[in-house]
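What follows is the content of coords-v5.cif, which has mmCIF, C-alpha atoms and all ligand atoms:
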```cif
data_model
loop_
_atom_site.label_atom_id
_atom_site.label_comp_id
_atom_site.auth_asym_id
_atom_site.auth_seq_id
_atom_site.Cartn_x
_atom_site.Cartn_y
_atom_site.Cartn_z
CA MET A 1 -9.65 16.40 -24.74
CA THR A 2 -6.96 18.35 -26.54
CA ARG A 3 -6.07 21.10 -24.11
CA LEU A 4 -2.40 20.98 -25.15
CA ALA A 5 -2.85 20.53 -28.89
CA GLY A 6 0.00 22.04 -30.91
CA ARG A 7 2.12 22.64 -27.79
CA THR A 8 5.53 21.29 -26.91
CA ILE A 9 5.97 20.19 -23.31
CA VAL A 10 9.46 19.35 -22.01
CA ILE A 11 9.59 16.92 -19.08
CA THR A 12 12.78 16.27 -17.15
CA GLY A 13 12.57 12.86 -15.52
CA GLY A 14 10.08 11.81 -18.20
CA SER A 15 11.55 8.32 -18.49
CA HIS A 16 10.02 6.92 -15.30
CA GLY A 17 7.41 7.19 -12.55
CA ILE A 18 5.39 10.38 -12.25
CA GLY A 19 7.21 12.11 -15.13
CA ARG A 20 6.36 9.21 -17.39
CA ALA A 21 2.68 9.39 -16.38
CA ILE A 22 2.70 13.15 -17.07
CA ALA A 23 4.25 12.56 -20.51
CA ALA A 24 1.47 10.10 -21.39
CA GLU A 25 -1.27 12.45 -20.17
CA CYS A 26 0.20 15.45 -22.03
CA ALA A 27 0.25 13.34 -25.21
CA LEU A 28 -3.40 12.36 -24.70
CA GLU A 29 -4.13 16.09 -24.58
CA GLY A 30 -2.44 16.56 -27.95
CA ALA A 31 1.03 17.77 -26.89
CA ARG A 32 4.34 16.90 -28.44
CA VAL A 33 6.54 15.77 -25.55
CA VAL A 34 10.28 16.06 -25.08
CA VAL A 35 11.16 13.23 -22.69
CA GLY A 36 14.27 14.01 -20.63
CA TYR A 37 16.13 11.01 -19.28
CA ARG A 38 19.41 10.39 -17.50
CA ARG A 39 20.00 6.60 -17.50
CA ARG A 40 16.81 4.98 -18.86
CA GLU A 41 17.31 5.64 -22.58
CA ARG A 42 15.27 2.63 -23.73
CA GLU A 43 12.30 3.56 -21.53
CA ALA A 44 12.50 7.21 -22.61
CA LEU A 45 12.45 6.26 -26.29
CA GLN A 46 9.44 4.06 -25.59
CA VAL A 47 7.63 6.91 -23.78
CA ALA A 48 8.28 9.20 -26.77
CA GLU A 49 7.12 6.56 -29.23
CA GLU A 50 3.91 5.91 -27.28
CA ALA A 51 3.28 9.65 -26.95
CA SER A 52 3.59 10.07 -30.75
CA ASN A 53 2.67 13.64 -31.92
CA GLY A 54 6.35 14.02 -32.98
CA SER A 55 7.59 13.42 -29.44
CA ILE A 56 11.29 12.83 -28.85
CA ALA A 57 13.62 11.66 -26.05
CA LEU A 58 16.83 13.49 -25.14
CA PRO A 59 19.48 12.87 -22.47
CA VAL A 60 20.08 15.35 -19.67
CA ASP A 61 21.81 15.36 -16.32
CA VAL A 62 20.15 18.14 -14.33
CA ARG A 63 23.16 18.34 -11.98
CA ASP A 64 25.29 19.56 -14.87
CA ALA A 65 24.64 23.11 -16.15
CA GLU A 66 26.19 22.40 -19.57
CA SER A 67 24.13 19.25 -20.02
CA VAL A 68 20.97 21.22 -19.19
CA GLU A 69 21.86 23.97 -21.71
CA ARG A 70 22.54 21.33 -24.40
CA PHE A 71 19.27 19.56 -23.64
CA PHE A 72 17.15 22.69 -24.00
CA SER A 73 18.92 23.96 -27.11
CA LYS A 74 18.39 20.56 -28.78
CA ALA A 75 14.73 20.61 -27.70
CA LEU A 76 14.30 24.11 -29.15
CA GLU A 77 16.14 23.16 -32.33
CA SER A 78 13.90 20.10 -32.84
CA CYS A 79 10.58 21.62 -31.78
CA GLY A 80 10.89 25.33 -32.57
CA ALA A 81 9.37 26.44 -29.26
CA ILE A 82 8.81 25.26 -25.71
CA ASP A 83 5.32 25.97 -24.39
CA GLY A 84 5.55 24.06 -21.14
CA LEU A 85 8.13 22.61 -18.77
CA VAL A 86 7.63 19.96 -16.11
CA THR A 87 10.57 19.32 -13.78
CA SER A 88 10.09 15.80 -12.49
CA ALA A 89 13.75 14.74 -12.32
CA GLY A 90 14.47 13.99 -8.71
CA ILE A 91 16.02 11.60 -6.22
CA VAL A 92 15.36 10.62 -2.65
CA SER A 93 17.69 9.07 -0.14
CA ASP A 94 17.14 9.07 3.58
CA GLY A 95 19.41 9.58 6.56
CA TRP A 96 19.23 11.41 9.87
CA LEU A 97 21.01 14.74 9.66
CA ALA A 98 23.32 13.96 12.60
CA THR A 99 25.02 11.24 10.58
CA LEU A 100 24.23 12.27 7.02
CA ALA A 101 27.28 12.44 4.74
CA LEU A 102 27.73 15.89 3.23
CA ALA A 103 28.08 14.30 -0.20
CA GLN A 104 24.60 12.78 0.19
CA PHE A 105 23.09 16.14 1.15
CA ASP A 106 24.83 17.84 -1.79
CA GLU A 107 23.68 15.18 -4.26
CA ILE A 108 20.02 15.56 -3.25
CA VAL A 109 20.05 19.35 -3.27
CA SER A 110 22.05 19.46 -6.49
CA THR A 111 19.57 17.18 -8.28
CA ASN A 112 16.28 18.32 -6.81
CA LEU A 113 16.70 22.04 -6.15
CA ARG A 114 19.64 23.19 -8.30
CA GLY A 115 18.53 20.86 -11.14
CA THR A 116 15.02 22.35 -11.04
CA MET A 117 16.46 25.87 -11.00
CA LEU A 118 18.74 25.13 -13.99
CA ALA A 119 15.85 23.74 -16.05
CA ILE A 120 13.54 26.65 -15.20
CA ARG A 121 16.30 29.16 -15.93
CA ALA A 122 16.96 27.59 -19.32
CA VAL A 123 13.37 27.98 -20.56
CA LEU A 124 12.69 31.44 -19.19
CA ARG A 125 14.36 33.44 -21.95
CA PRO A 126 12.73 31.57 -24.87
CA MET A 127 9.38 31.76 -23.08
CA MET A 128 9.85 35.47 -22.33
CA ALA A 129 10.56 36.09 -26.02
CA LYS A 130 7.26 34.35 -26.90
CA LYS A 131 5.45 36.04 -24.00
CA ARG A 132 3.91 32.73 -23.02
CA GLY A 133 4.65 29.56 -21.10
CA SER A 134 3.75 27.37 -18.15
CA ILE A 135 6.21 25.76 -15.77
CA VAL A 136 5.31 22.99 -13.30
CA ALA A 137 7.91 21.97 -10.71
CA LEU A 138 7.46 18.69 -8.83
CA SER A 139 7.85 19.19 -5.10
CA SER A 140 6.74 16.88 -2.27
CA VAL A 141 4.61 16.92 0.89
CA ALA A 142 7.95 16.37 2.65
CA ALA A 143 8.51 20.12 2.12
CA ALA A 144 5.54 20.94 4.33
CA HIS A 145 5.43 18.10 6.88
CA ALA A 146 8.19 16.67 9.03
CA SER A 147 9.32 13.26 7.89
CA PRO A 148 12.24 12.01 10.02
CA GLY A 149 15.22 11.00 7.90
CA GLN A 150 14.28 13.29 5.03
CA SER A 151 15.88 16.59 6.03
CA ALA A 152 17.92 16.88 2.81
CA TYR A 153 15.00 15.86 0.60
CA ALA A 154 12.59 18.15 2.48
CA ALA A 155 15.02 21.09 2.27
CA SER A 156 15.48 20.54 -1.48
CA LYS A 157 11.71 20.49 -2.03
CA GLY A 158 11.02 23.43 0.31
CA GLY A 159 13.51 25.39 -1.75
CA ILE A 160 11.44 24.62 -4.84
CA HIS A 161 8.38 26.25 -3.25
CA ALA A 162 10.34 29.44 -2.54
CA LEU A 163 11.90 29.39 -6.02
CA VAL A 164 8.53 28.91 -7.73
CA ARG A 165 6.80 31.72 -5.82
CA THR A 166 9.59 34.17 -6.51
CA VAL A 167 10.17 33.33 -10.18
CA ALA A 168 6.40 33.41 -10.76
CA SER A 169 6.37 37.03 -9.58
CA GLU A 170 9.34 37.88 -11.81
CA VAL A 171 7.86 36.57 -15.07
CA ALA A 172 4.09 37.00 -14.64
CA SER A 173 4.13 40.11 -16.82
CA TYR A 174 5.67 38.03 -19.63
CA GLY A 175 2.67 35.69 -19.70
CA ILE A 176 4.60 32.91 -17.98
CA ARG A 177 3.04 30.97 -15.11
CA VAL A 178 5.14 29.02 -12.61
CA ASN A 179 3.60 26.57 -10.15
CA ALA A 180 4.61 23.73 -7.86
CA LEU A 181 2.85 20.37 -7.93
CA VAL A 182 3.09 18.68 -4.56
CA PRO A 183 2.46 14.92 -4.55
CA GLY A 184 1.88 12.89 -1.43
CA LEU A 185 2.53 9.15 -1.58
CA ILE A 186 2.13 8.08 -5.19
CA ASP A 187 2.25 4.49 -6.35
CA ALA A 188 4.85 5.23 -9.01
CA GLY A 189 8.56 5.65 -9.22
CA MET A 190 10.53 6.22 -6.04
CA VAL A 191 7.77 5.02 -3.71
CA LYS A 192 8.18 1.52 -5.16
CA ALA A 193 11.55 1.44 -3.35
CA THR A 194 10.16 2.78 -0.07
CA HIS A 195 10.08 0.43 2.91
CA PRO A 196 6.52 -0.96 3.31
CA GLU A 197 6.55 -0.02 7.01
CA ARG A 198 7.19 3.66 6.17
CA ILE A 199 4.35 3.55 3.63
CA ARG A 200 2.03 1.95 6.17
CA ARG A 201 2.88 4.59 8.80
CA THR A 202 2.36 7.46 6.35
CA LEU A 203 -0.88 6.03 5.01
CA ALA A 204 -2.29 6.17 8.54
CA HIS A 205 -2.23 9.99 8.12
CA VAL A 206 -3.78 10.04 4.64
CA PRO A 207 -7.52 10.78 4.98
CA MET A 208 -8.22 9.03 1.67
CA GLY A 209 -6.44 5.97 3.09
CA ARG A 210 -4.63 4.95 -0.09
CA LEU A 211 -1.69 5.76 -2.33
CA GLY A 212 -2.29 8.04 -5.30
CA GLU A 213 -1.77 6.84 -8.85
CA GLY A 214 0.56 8.37 -11.42
CA ARG A 215 -2.38 9.54 -13.48
CA GLU A 216 -3.86 11.33 -10.48
CA VAL A 217 -0.78 13.56 -10.45
CA ALA A 218 -0.56 13.78 -14.24
CA ARG A 219 -4.05 15.26 -14.65
CA PRO A 220 -3.43 18.18 -12.25
CA ALA A 221 -0.12 18.71 -14.10
CA VAL A 222 -2.04 19.04 -17.38
CA PHE A 223 -4.43 21.47 -15.68
CA LEU A 224 -1.52 23.69 -14.60
CA LEU A 225 0.08 23.46 -18.07
CA SER A 226 -3.15 24.31 -19.85
CA ASP A 227 -5.14 27.52 -20.27
CA ASP A 228 -7.62 26.15 -17.73
CA ALA A 229 -5.13 27.48 -15.16
CA SER A 230 -4.65 30.83 -16.92
CA TYR A 231 -4.96 32.81 -13.62
CA VAL A 232 -2.99 30.38 -11.46
CA THR A 233 0.64 31.22 -10.74
CA GLY A 234 3.02 31.07 -7.78
CA HIS A 235 0.78 28.35 -6.38
CA ALA A 236 1.55 25.00 -4.75
CA LEU A 237 -1.09 22.43 -5.70
CA PHE A 238 -1.14 19.53 -3.23
CA VAL A 239 -2.14 16.16 -4.71
CA ASP A 240 -1.94 14.06 -1.59
CA GLY A 241 -5.28 12.48 -0.66
CA GLY A 242 -5.65 15.04 2.13
CA LEU A 243 -2.32 14.32 3.87
CA GLY A 244 -1.45 18.02 4.02
CA ALA A 245 -4.91 19.18 5.07
N1 LIG P 1 6.56 8.97 -6.16
C1 LIG P 1 6.14 9.72 -5.16
O1 LIG P 1 5.36 9.26 -4.30
C2 LIG P 1 6.57 11.16 -5.04
C3 LIG P 1 6.02 11.89 -3.97
C4 LIG P 1 6.36 13.22 -3.85
C5 LIG P 1 7.19 13.83 -4.78
N2 LIG P 1 7.71 13.10 -5.80
C6 LIG P 1 8.58 13.80 -6.75
O2 LIG P 1 8.14 13.54 -8.07
C7 LIG P 1 9.27 13.49 -8.95
C8 LIG P 1 9.28 12.16 -9.69
O3 LIG P 1 9.38 11.11 -8.74
P1 LIG P 1 9.19 9.60 -9.17
O4 LIG P 1 8.63 8.88 -8.02
O5 LIG P 1 8.53 9.54 -10.47
O6 LIG P 1 10.73 9.17 -9.29
P2 LIG P 1 11.45 8.08 -10.22
O7 LIG P 1 10.47 7.10 -10.76
O8 LIG P 1 12.60 7.60 -9.43
O9 LIG P 1 11.95 8.93 -11.46
C9 LIG P 1 12.92 9.89 -11.30
C10 LIG P 1 13.21 10.49 -12.66
O10 LIG P 1 14.22 11.48 -12.48
C11 LIG P 1 15.26 11.26 -13.41
N3 LIG P 1 16.53 11.72 -12.83
C12 LIG P 1 17.08 11.39 -11.63
N4 LIG P 1 18.26 12.02 -11.47
C13 LIG P 1 18.44 12.78 -12.60
C14 LIG P 1 19.46 13.65 -13.04
N5 LIG P 1 20.56 13.90 -12.31
N6 LIG P 1 19.31 14.25 -14.24
C15 LIG P 1 18.21 14.02 -15.00
N7 LIG P 1 17.23 13.20 -14.66
C16 LIG P 1 17.34 12.58 -13.46
C17 LIG P 1 15.26 9.77 -13.70
O11 LIG P 1 15.87 9.56 -14.96
P3 LIG P 1 16.46 8.10 -15.41
O12 LIG P 1 15.50 7.10 -14.84
O13 LIG P 1 16.43 8.15 -16.90
O14 LIG P 1 17.83 7.99 -14.86
C18 LIG P 1 13.75 9.48 -13.66
O15 LIG P 1 13.18 9.75 -14.93
C19 LIG P 1 10.51 13.70 -8.08
O16 LIG P 1 10.89 15.04 -8.14
C20 LIG P 1 10.02 13.34 -6.69
O17 LIG P 1 10.74 13.99 -5.69
C21 LIG P 1 7.42 11.77 -5.95
#
```

In C-alpha cells, write the structure found in this file.
Amino acid sequence: MTRLAGRTIVITGGSHGIGRAIAAECALEGARVVVGYRRREREALQVAEEASNGSIALPVDVRDAESVERFFSKALESCGAIDGLVTSAGIVSDGWLATLALAQFDEIVSTNLRGTMLAIRAVLRPMMAKKRGSIVALSSVAAAHASPGQSAYAASKGGIHALVRTVASEVASYGIRVNALVPGLIDAGMVKATHPERIRRTLAHVPMGRLGEGREVARPAVFLLSDDASYVTGHALFVDGGLGA
C-alpha cells in the first residue's frame, strides 16, 4: 500500500528498536523518512538507505532545545515540508523512588517527556502553516499500570498522554492530529536489555501470552499517520496484546 506516498515523516529515535521498525513501515507505505539519531549514526544511515524514497538521517539530542531546533530546520530545508512526526526517542532506567538519584529522574523526564514536547513544539508551526499534519508520540503501558521501579519512566510517559490530549485540542482546527501510541512489551529495542525474570512476570499478565513485534507497533503508527485515521485525535492507542484491558 502507499498510504504515505509523497509525505515526509520525521522519526526521532529512528535509528533503533521501535522507531527503526516504524521508519521501515513508513517507507513501505511510500514515505520519505527523516531518521533522527543520537549515537547510532551508522545504523541511522543504514535505515535511511534501506527506506530509500529520498530518506535521510540527521543527528538530534532531544534533551537539548537548540539541537532539536537545528534538527527540524535541517529536515525542513532538505524536505520542504513535514507531514508527520513520530517521537520514539526514549530511555528507560529503573530504580525505586525512595533511593532514586534526582539526576536519574531528571534524565528520564528530560529525554522522554521534555524531549517529546520539544519535538512536537518544533513541528507545530510549520504544520499549522500548511493546515495539515499528524503527530504520533510513543508512550508506554507503564503510564497506565503500576510497574514497581519505574516511577520516573511511568511519570514521563503519563505526562505524554496529558500533553497529547491537550495539544490535540489546541491544533485540531489547523488540521493537525496528535495521538499517543502505547506499546506493551515489544521484542525490540529497550526490552532486549530487560531482565528475563521481569519479562516473564509481565508476560503472565498479557492475555495474548507473547511479546509484540516491532512491526506490530509500526503498522498502528502508520494508521495514525495516514488519512485512515482522519477523525482520530487526542487518542491513546494501546498496542499491548491485551495487557491494559
Ligand atoms: N520496546 C518496548 O517494549 C517499549 C514498550 C513501551 C514503550 N516503548 C517506547 O518506545 C520508544 C522506543 O523504544 P525502543 O524499545 O525502540 O528503544 P531503543 O531501541 O532503546 O531506542 C531508543 C531510541 O531513542 C534514541 N534516543 C535515546 N535518547 C535520545 C536523545 N537524548 N536524543 C535523541 N534520541 C535519543 C536512540 O538513539 P541512538 O540509538 O541513535 O542513540 C534510539 O534510536 C521509547 O519511547 C520507549 O519508551 C518501548

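What separates CA of Gly242 (chain A) from atom P1 of ligand LIG 1 (chain P) is a distance of 19.4 Å.
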
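Nearest-residue note for Ile11 (chain A): choosing from A:Leu28, A:Val62, A:Val86, A:Ala98, the minimum distance belongs to A:Val86, counting all atoms listed in the file.
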
For chain A versus ligand LIG 1 (chain P), which residues have an atom no more than 6 Å away, and what is each residue's nearest atom pair and distance in Å rounded to one decimal, using all atoms listed in the file, chain-then-number order, as a tab-separated table?
```
residue	atom	partner	partner_atom	distance
A:Thr12	CA	P:LIG1	N7	6.0
A:Gly13	CA	P:LIG1	O15	3.2
A:Gly14	CA	P:LIG1	O15	5.0
A:Ser15	CA	P:LIG1	O15	4.2
A:His16	CA	P:LIG1	O15	4.3
A:Gly17	CA	P:LIG1	O5	3.3
A:Ile18	CA	P:LIG1	O5	3.7
A:Gly19	CA	P:LIG1	O5	5.5
A:Tyr37	CA	P:LIG1	O13	3.7
A:Arg38	CA	P:LIG1	O13	3.8
A:Arg39	CA	P:LIG1	O14	3.7
A:Arg40	CA	P:LIG1	O13	3.7
A:Val60	CA	P:LIG1	C15	5.2
A:Asp61	CA	P:LIG1	N6	3.4
A:Val62	CA	P:LIG1	N6	4.0
A:Arg63	CA	P:LIG1	N5	5.2
A:Ser88	CA	P:LIG1	C7	4.3
A:Ala89	CA	P:LIG1	O10	3.3
A:Gly90	CA	P:LIG1	O16	3.8
A:Ile91	CA	P:LIG1	C12	5.5
A:Thr111	CA	P:LIG1	N5	5.3
A:Leu138	CA	P:LIG1	O16	5.1
A:Ser139	CA	P:LIG1	C5	5.4
A:Ser140	CA	P:LIG1	C5	4.0
A:Pro183	CA	P:LIG1	C4	4.3
A:Gly184	CA	P:LIG1	C3	5.0
A:Leu185	CA	P:LIG1	O1	3.9
A:Ile186	CA	P:LIG1	O1	3.6
A:Ala188	CA	P:LIG1	N1	5.0
A:Gly189	CA	P:LIG1	O7	2.8
A:Met190	CA	P:LIG1	O4	3.8
A:Val191	CA	P:LIG1	N1	4.8
```

Quick one: residues within 12 Å of Glu69 (chain A), only C-alpha atoms counted, chain neighbours fewer than 2 positions away excluded, as a ChimeraX atom specification? /A:59-67,71-76,115,118-123

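For the pair CA of Ile108 (chain A) and CA of Val92 (chain A), the separation is 6.8 Å.
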
With all atoms listed in the file as the counted atoms, please give the residues lying no more than 12 Å from Met1 (chain A), apart from itself and same-chain residues fewer than 6 positions off, as JSON, numbers by chain. {"A": [25, 26, 27, 28, 29, 30, 31, 219, 222, 223, 226]}

Identify the residues within 10 Å of coordinate (5.3, 32.9, -21.3) (same frame as the file), considering only C-alpha atoms, and give the answer as a short mmCIF file (atom, residue, chain, number, x, y, z; two decimals) with C-alpha atoms, in the frame of the given file.
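Result file is result.cif:
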```cif
data_model
loop_
_atom_site.label_atom_id
_atom_site.label_comp_id
_atom_site.auth_asym_id
_atom_site.auth_seq_id
_atom_site.Cartn_x
_atom_site.Cartn_y
_atom_site.Cartn_z
CA ILE A 82 8.81 25.26 -25.71
CA ASP A 83 5.32 25.97 -24.39
CA GLY A 84 5.55 24.06 -21.14
CA VAL A 123 13.37 27.98 -20.56
CA LEU A 124 12.69 31.44 -19.19
CA ARG A 125 14.36 33.44 -21.95
CA PRO A 126 12.73 31.57 -24.87
CA MET A 127 9.38 31.76 -23.08
CA MET A 128 9.85 35.47 -22.33
CA ALA A 129 10.56 36.09 -26.02
CA LYS A 130 7.26 34.35 -26.90
CA LYS A 131 5.45 36.04 -24.00
CA ARG A 132 3.91 32.73 -23.02
CA GLY A 133 4.65 29.56 -21.10
CA SER A 134 3.75 27.37 -18.15
CA ILE A 135 6.21 25.76 -15.77
CA VAL A 171 7.86 36.57 -15.07
CA ALA A 172 4.09 37.00 -14.64
CA SER A 173 4.13 40.11 -16.82
CA TYR A 174 5.67 38.03 -19.63
CA GLY A 175 2.67 35.69 -19.70
CA ILE A 176 4.60 32.91 -17.98
CA ARG A 177 3.04 30.97 -15.11
CA VAL A 178 5.14 29.02 -12.61
#
```

Using all atoms listed in the file, which of the listed residues (A:Cys79, A:Leu225, A:Val217, A:Met117) sits closest to Ala162 (chain A)?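 Going through A:Cys79, A:Leu225, A:Val217, A:Met117 one by one, the smallest distance to Ala162 (chain A) is for A:Met117.
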
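Taking CA of Leu181 (chain A) and CA of Leu45 (chain A) as the two end points, the separation is 25.1 Å.
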
Got a sec: who's within 12 Å of Arg165 (chain A), counting all atoms listed in the file, leaving out chain neighbours fewer than 4 positions off, as a list in words? Ile135, Val136, Ala137, Gly158, Gly159, Ile160, His161, Ser169, Glu170, Val171, Ala172, Arg177, Val178, Asn179, Ala180, Val232, Thr233, Gly234, His235 and Ala236 of chain A

Closest to Thr87 (chain A) among A:Arg32, A:Arg42, A:Arg20, A:Arg70, using all atoms listed in the file?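 Nearest to Thr87 (chain A): A:Arg20.
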
Using 3 Å of padding on each side, determine the axis-aligned box around all atoms of region 57-74 of chain A present in the file and give its centre and edge lengths in Å to one decimal, as JSON.
```
{"center_x": 19.9, "center_y": 17.8, "center_z": -20.4, "size_x": 18.6, "size_y": 18.3, "size_z": 22.8}
```

Residues proximal to (18.6, 14.8, 10.1) were defined as those with any atom within 9 Å of that point in the file's coordinates, counting only C-alpha atoms. Which are they, as a VMD selection string? chain A and resid 94 to 100 148 to 152

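Comparing A:Leu237, A:Val10, A:His195, A:Ala245 by their smallest distance to Leu224 (chain A), the closest is A:Leu237 (using all atoms listed in the file).
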